[in-house]
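Peer 1: Attaching a single structure in structure tokens format; questions to follow.
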Amino acid sequence: MFSPFVYGKIASGEAFTDREEEQKRLAENIRSHINSVIISPRRWGKSSLVRKVGETLQRGKSPIRFCYLDLFNVRTEQEFYAHFAREVLRVSYSKWEERLDSAKRFFKRLTPKFSMGTDPLNDFSVSFDLEETKDAPEEILDLPERICQHRKIELVICLDEFQNIGFFDEPLAFQKKMRAQWQHHKQATYCLYGSKRHMMTELFENKSMPFYKFGDVVFLQKIPEQYWVKYLIDGFSRTGKSLKKEFAERIAREMENHPYFVQQLAHTIWTRTAKVCTGKEYSEAIDVLLQEHGILFQREIDGLTNSQINFLKALCSNAAQLSSAETLKKHKMGSSGNVNRIKSSLVSKEVLDITPQGISFIDPMFKRWFSTIYMKP
């Protein structure tokens, strides 16, 4: 029997829950050719949301086609061009000959080089001469729009971990190139999303940046508890097991409604439940996850300074004011100005997140480990 709970990969079908409003908003943007920017911490379900909307909009004889690119391992402008061109061509044409013909049609100043693997339809790569791309990058960046016009289709270019363009050698110059071309596209639409909130916010909310006001910016929120409760109970029920409402609520609250960790804890409890979940299975699952991740959490701690660790202790101690004289003295954090620097560094390290609701741990299981094991006298 397969577990009804999914984490660490795209959630689809019955494993996908809620996000009705976000689905409607994103789908309407795409239908209206409005670019979208989705920002949230890692593992909040951005990719699953985009894929879900893609599945819906591509049904039947729809002219809409989604092109998904993950920039996680893309570190140079040249790598971007190769990855971008390959995926756009792969999604737009089903036959190898059509891809070659399109390259001849749309690349006038560039000479792309194709290499094929055992499966030419899917296992192929595209590369460009470095000097040529310096002279004519617009031929690659305009490829989606040119194909849309020629084939009478509507491409949706979805770029995951978009903030990674900030690691390129000349990131600002590259952003200007992209914006200069993409702002004129009418049939191709762009959905850009990333997990480093501070970097993504800088890219799209800073008035001095090229991508300022590029599209509709969506700050993804956590899935509300009531949706999780129903989802968790239904998941157990579908597989012949029972989960009482009180335990479904505990799972959601313990993991602070974080999609990845709610699914992970639910899966761990499910594997230990024969028929009916009790407090025994719940506690065992928590202990197992704390033990499994203990080494990783300790490594996280080893990479922090004493001041940063003290800041986390103050946070877990529910200090009323982190910058108060009493808290600064008790937790040895120096001045109030130093607290702001510590907080910023922990956000950059993706240990903490700052939202309108306040400061929170990105990983709720790490918070539990830190407060109950690491801080234990």
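Ordering of the structure tokens sets the chain letters (A, B, ...), residue numbers begin anew at 1 in every chain, and ligands are numbered from 1 in the order given.
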Need to verify the contact set: A:Ala248, 7 Å, only C-alpha atoms, exclusion of same-chain residues closer than 6 positions in sequence. Can you return it as a VMD selection string?
Peer 2: chain A and resid 229 232 to 233
Peer 1: Please save N, CA and C atoms of the selected residues as an mmCIF file, in the first residue's frame.
Peer 2:
```
data_model
loop_
_atom_site.group_PDB
_atom_site.id
_atom_site.type_symbol
_atom_site.label_atom_id
_atom_site.label_comp_id
_atom_site.auth_asym_id
_atom_site.auth_seq_id
_atom_site.Cartn_x
_atom_site.Cartn_y
_atom_site.Cartn_z
ATOM 1 N N VAL A 229 -6.477 19.628 8.114
ATOM 2 C CA VAL A 229 -7.205 18.663 8.941
ATOM 3 C C VAL A 229 -8.025 17.716 8.069
ATOM 4 N N LEU A 232 -5.662 15.458 5.883
ATOM 5 C CA LEU A 232 -4.990 14.393 6.631
ATOM 6 C C LEU A 232 -5.946 13.265 6.999
ATOM 7 N N ILE A 233 -7.132 13.626 7.460
ATOM 8 C CA ILE A 233 -8.129 12.616 7.822
ATOM 9 C C ILE A 233 -8.525 11.800 6.584
#
```
Peer 1: With a distance cut-off of 9 Å and only C-alpha atoms, select the neighbouring residues of stretch 179-193 of chain A, excluding the residue or stretch itself and same-chain residues fewer than 2 positions from it, and output the selection as a VMD selection string.
Peer 2: chain A and resid 26 29 to 30 33 to 40 46 to 47 50 138 141 to 142 144 to 149 152 to 163 174 to 177 195 200 210 to 211 214 to 215
Peer 1: Hey, what does DSSP flag as strand (DSSP E) within stretch 17-62 of chain A? Can you give it to me as a PyMOL selection string?
Peer 2: chain A and resi 36-39
Peer 1: Can you work out which one of A:Glu139, A:Asp363, A:Asp353, A:Glu14 has the shortest atom-to-atom distance to A:Leu296, counting only C-alpha atoms?
Peer 2: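 Ranking A:Glu139, A:Asp363, A:Asp353, A:Glu14 by distance to A:Leu296, first place goes to A:Asp363.
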Peer 1: Set the distance at 6 Å and use only C-alpha atoms: which residues neighbour stretch 305-317 of chain A once local chain neighbours fewer than 3 positions away are removed? I'd like the list as number ranges by chain.
Peer 2: A: 331, 333, 342
Peer 1: For the selection you just gave me, I'd like the residues written to a file as a PDB file, in the first residue's frame, keeping C-alpha atoms.
Peer 2:
```pdb
ATOM      1  CA  HIS A 331      21.220  36.127  25.968  1.00  0.00           C
ATOM      2  CA  MET A 333      23.661  39.556  22.112  1.00  0.00           C
ATOM      3  CA  ILE A 342      22.136  38.731  13.538  1.00  0.00           C
TER       4      ILE A 342
END
```
Peer 1: For a test of reading the model, state the distance in Å between atom CA of A:Asp123 and atom CA of A:Glu97, rounded to one decimal.
Peer 2: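 So the answer is 14.3 Å.
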Peer 1: Hey, what's within 12 Å of A:Gln264 if we count only C-alpha atoms and toss same-chain stuff fewer than 4 positions away? As a PDB file with N, CA and C atoms, in the first residue's frame, please?
Peer 2:
```pdb
ATOM      1  N   SER A   3       1.764   5.220   0.550  1.00  0.00           N
ATOM      2  CA  SER A   3       1.403   6.301   1.459  1.00  0.00           C
ATOM      3  C   SER A   3       0.640   7.390   0.698  1.00  0.00           C
ATOM      4  N   PRO A   4      -0.401   7.947   1.286  1.00  0.00           N
ATOM      5  CA  PRO A   4      -1.165   9.020   0.632  1.00  0.00           C
ATOM      6  C   PRO A   4      -0.512  10.388   0.780  1.00  0.00           C
ATOM      7  N   PHE A   5       0.615  10.431   1.471  1.00  0.00           N
ATOM      8  CA  PHE A   5       1.260  11.713   1.751  1.00  0.00           C
ATOM      9  C   PHE A   5       2.578  11.836   0.988  1.00  0.00           C
ATOM     10  N   VAL A   6       2.755  12.968   0.337  1.00  0.00           N
ATOM     11  CA  VAL A   6       3.890  13.194  -0.566  1.00  0.00           C
ATOM     12  C   VAL A   6       4.707  14.390  -0.107  1.00  0.00           C
ATOM     13  N   TYR A   7       6.024  14.228  -0.038  1.00  0.00           N
ATOM     14  CA  TYR A   7       6.910  15.351   0.267  1.00  0.00           C
ATOM     15  C   TYR A   7       8.236  15.134  -0.444  1.00  0.00           C
ATOM     16  N   GLY A   8       8.921  16.212  -0.755  1.00  0.00           N
ATOM     17  CA  GLY A   8      10.203  16.099  -1.444  1.00  0.00           C
ATOM     18  C   GLY A   8      10.072  16.005  -2.945  1.00  0.00           C
ATOM     19  N   LYS A   9       8.832  16.024  -3.473  1.00  0.00           N
ATOM     20  CA  LYS A   9       8.613  16.032  -4.913  1.00  0.00           C
ATOM     21  C   LYS A   9       7.292  16.725  -5.204  1.00  0.00           C
ATOM     22  N   ARG A  43      10.028  24.754  -0.217  1.00  0.00           N
ATOM     23  CA  ARG A  43       9.151  23.650   0.170  1.00  0.00           C
ATOM     24  C   ARG A  43       7.752  24.099   0.599  1.00  0.00           C
ATOM     25  N   LEU A 232      -5.662  15.458   5.883  1.00  0.00           N
ATOM     26  CA  LEU A 232      -4.990  14.393   6.631  1.00  0.00           C
ATOM     27  C   LEU A 232      -5.946  13.265   6.999  1.00  0.00           C
ATOM     28  N   ILE A 251      -0.834  17.613  14.135  1.00  0.00           N
ATOM     29  CA  ILE A 251       0.158  17.525  13.057  1.00  0.00           C
ATOM     30  C   ILE A 251       0.327  18.886  12.389  1.00  0.00           C
ATOM     31  N   ALA A 252      -0.793  19.513  12.038  1.00  0.00           N
ATOM     32  CA  ALA A 252      -0.745  20.805  11.351  1.00  0.00           C
ATOM     33  C   ALA A 252      -0.104  21.874  12.233  1.00  0.00           C
ATOM     34  N   GLU A 254       1.881  21.417  14.974  1.00  0.00           N
ATOM     35  CA  GLU A 254       3.273  21.083  15.292  1.00  0.00           C
ATOM     36  C   GLU A 254       4.204  21.513  14.163  1.00  0.00           C
ATOM     37  N   MET A 255       3.752  21.322  12.921  1.00  0.00           N
ATOM     38  CA  MET A 255       4.549  21.672  11.747  1.00  0.00           C
ATOM     39  C   MET A 255       4.190  23.064  11.209  1.00  0.00           C
ATOM     40  N   ASN A 257       1.750  24.394   9.829  1.00  0.00           N
ATOM     41  CA  ASN A 257       1.075  24.421   8.518  1.00  0.00           C
ATOM     42  C   ASN A 257       2.043  24.477   7.346  1.00  0.00           C
ATOM     43  N   HIS A 258       3.277  24.069   7.569  1.00  0.00           N
ATOM     44  CA  HIS A 258       4.279  24.061   6.500  1.00  0.00           C
ATOM     45  C   HIS A 258       4.025  22.840   5.615  1.00  0.00           C
ATOM     46  N   PRO A 259       3.732  23.039   4.308  1.00  0.00           N
ATOM     47  CA  PRO A 259       3.342  21.924   3.434  1.00  0.00           C
ATOM     48  C   PRO A 259       4.284  20.725   3.473  1.00  0.00           C
ATOM     49  N   TYR A 260       5.573  20.949   3.320  1.00  0.00           N
ATOM     50  CA  TYR A 260       6.528  19.840   3.272  1.00  0.00           C
ATOM     51  C   TYR A 260       6.523  19.063   4.582  1.00  0.00           C
ATOM     52  N   THR A 268       5.116   9.773   8.227  1.00  0.00           N
ATOM     53  CA  THR A 268       5.831   9.006   9.256  1.00  0.00           C
ATOM     54  C   THR A 268       4.848   8.380  10.243  1.00  0.00           C
ATOM     55  N   ILE A 269       3.804   9.122  10.608  1.00  0.00           N
ATOM     56  CA  ILE A 269       2.774   8.582  11.499  1.00  0.00           C
ATOM     57  C   ILE A 269       2.003   7.468  10.794  1.00  0.00           C
ATOM     58  N   TRP A 270       1.678   7.696   9.524  1.00  0.00           N
ATOM     59  CA  TRP A 270       0.912   6.717   8.734  1.00  0.00           C
ATOM     60  C   TRP A 270       1.640   5.372   8.660  1.00  0.00           C
ATOM     61  N   THR A 271       2.964   5.413   8.483  1.00  0.00           N
ATOM     62  CA  THR A 271       3.727   4.164   8.364  1.00  0.00           C
ATOM     63  C   THR A 271       3.724   3.377   9.673  1.00  0.00           C
ATOM     64  N   ALA A 285       6.612   8.928  15.938  1.00  0.00           N
ATOM     65  CA  ALA A 285       6.949   9.595  14.680  1.00  0.00           C
ATOM     66  C   ALA A 285       7.781  10.849  14.926  1.00  0.00           C
ATOM     67  N   ILE A 286       7.408  11.629  15.936  1.00  0.00           N
ATOM     68  CA  ILE A 286       8.170  12.832  16.275  1.00  0.00           C
ATOM     69  C   ILE A 286       9.593  12.453  16.674  1.00  0.00           C
ATOM     70  N   VAL A 288      11.306   9.782  15.896  1.00  0.00           N
ATOM     71  CA  VAL A 288      12.044   9.253  14.739  1.00  0.00           C
ATOM     72  C   VAL A 288      12.578  10.392  13.884  1.00  0.00           C
ATOM     73  N   LEU A 289      11.754  11.372  13.611  1.00  0.00           N
ATOM     74  CA  LEU A 289      12.183  12.497  12.766  1.00  0.00           C
ATOM     75  C   LEU A 289      13.269  13.320  13.455  1.00  0.00           C
ATOM     76  N   ASP A 363      12.238  25.828   9.216  1.00  0.00           N
ATOM     77  CA  ASP A 363      12.029  24.395   9.446  1.00  0.00           C
ATOM     78  C   ASP A 363      11.460  24.195  10.850  1.00  0.00           C
ATOM     79  N   PRO A 364      10.166  23.870  10.976  1.00  0.00           N
ATOM     80  CA  PRO A 364       9.562  23.704  12.308  1.00  0.00           C
ATOM     81  C   PRO A 364      10.137  22.524  13.081  1.00  0.00           C
ATOM     82  N   MET A 365      10.646  21.498  12.368  1.00  0.00           N
ATOM     83  CA  MET A 365      11.247  20.367  13.072  1.00  0.00           C
ATOM     84  C   MET A 365      12.593  20.770  13.675  1.00  0.00           C
TER      85      MET A 365
END
```
Peer 1: Could you pull the residues within 9 Å of A:Ala27, counting only C-alpha atoms, minus those fewer than 2 positions along the same chain, as a PyMOL selection string?
Peer 2: chain A and resi 22-25+29-32+53-54+56-57
Peer 1: Would you mind exporting the chosen residues as a PDB file, in the first residue's frame, restricted to N, CA and C atoms?
Peer 2:
```pdb
ATOM      1  N   GLU A  22      -5.052  30.833  -5.109  1.00  0.00           N
ATOM      2  CA  GLU A  22      -3.804  31.012  -5.849  1.00  0.00           C
ATOM      3  C   GLU A  22      -3.910  30.413  -7.254  1.00  0.00           C
ATOM      4  N   GLN A  23      -4.608  29.279  -7.363  1.00  0.00           N
ATOM      5  CA  GLN A  23      -4.803  28.667  -8.679  1.00  0.00           C
ATOM      6  C   GLN A  23      -5.595  29.600  -9.596  1.00  0.00           C
ATOM      7  N   LYS A  24      -6.663  30.156  -9.077  1.00  0.00           N
ATOM      8  CA  LYS A  24      -7.491  31.057  -9.874  1.00  0.00           C
ATOM      9  C   LYS A  24      -6.701  32.291 -10.308  1.00  0.00           C
ATOM     10  N   ARG A  25      -5.942  32.840  -9.385  1.00  0.00           N
ATOM     11  CA  ARG A  25      -5.167  34.059  -9.671  1.00  0.00           C
ATOM     12  C   ARG A  25      -4.116  33.795 -10.745  1.00  0.00           C
ATOM     13  N   ASN A  29      -4.060  35.175 -14.668  1.00  0.00           N
ATOM     14  CA  ASN A  29      -2.900  35.911 -15.172  1.00  0.00           C
ATOM     15  C   ASN A  29      -2.427  35.327 -16.498  1.00  0.00           C
ATOM     16  N   ILE A  30      -2.341  34.013 -16.548  1.00  0.00           N
ATOM     17  CA  ILE A  30      -1.835  33.347 -17.753  1.00  0.00           C
ATOM     18  C   ILE A  30      -2.793  33.545 -18.922  1.00  0.00           C
ATOM     19  N   ARG A  31      -4.075  33.381 -18.667  1.00  0.00           N
ATOM     20  CA  ARG A  31      -5.058  33.590 -19.741  1.00  0.00           C
ATOM     21  C   ARG A  31      -5.006  35.023 -20.267  1.00  0.00           C
ATOM     22  N   SER A  32      -4.680  35.966 -19.384  1.00  0.00           N
ATOM     23  CA  SER A  32      -4.639  37.386 -19.762  1.00  0.00           C
ATOM     24  C   SER A  32      -3.247  37.831 -20.202  1.00  0.00           C
ATOM     25  N   VAL A  53      -1.709  24.237 -12.045  1.00  0.00           N
ATOM     26  CA  VAL A  53      -2.339  25.170 -12.975  1.00  0.00           C
ATOM     27  C   VAL A  53      -2.013  24.765 -14.412  1.00  0.00           C
ATOM     28  N   GLY A  54      -0.781  24.319 -14.635  1.00  0.00           N
ATOM     29  CA  GLY A  54      -0.386  23.874 -15.963  1.00  0.00           C
ATOM     30  C   GLY A  54      -1.221  22.701 -16.443  1.00  0.00           C
ATOM     31  N   THR A  56      -4.228  21.970 -15.577  1.00  0.00           N
ATOM     32  CA  THR A  56      -5.597  22.437 -15.830  1.00  0.00           C
ATOM     33  C   THR A  56      -5.705  23.185 -17.152  1.00  0.00           C
ATOM     34  N   LEU A  57      -4.769  24.090 -17.408  1.00  0.00           N
ATOM     35  CA  LEU A  57      -4.857  24.948 -18.590  1.00  0.00           C
ATOM     36  C   LEU A  57      -4.462  24.248 -19.881  1.00  0.00           C
TER      37      LEU A  57
END
```
Peer 1: Skip A:Pro41 itself and residues of its chain fewer than 4 positions away, then list as a ChimeraX atom specification all residues within 9 Å of it, counting only C-alpha atoms.
Peer 2: /A:194-197,220,350,353,362
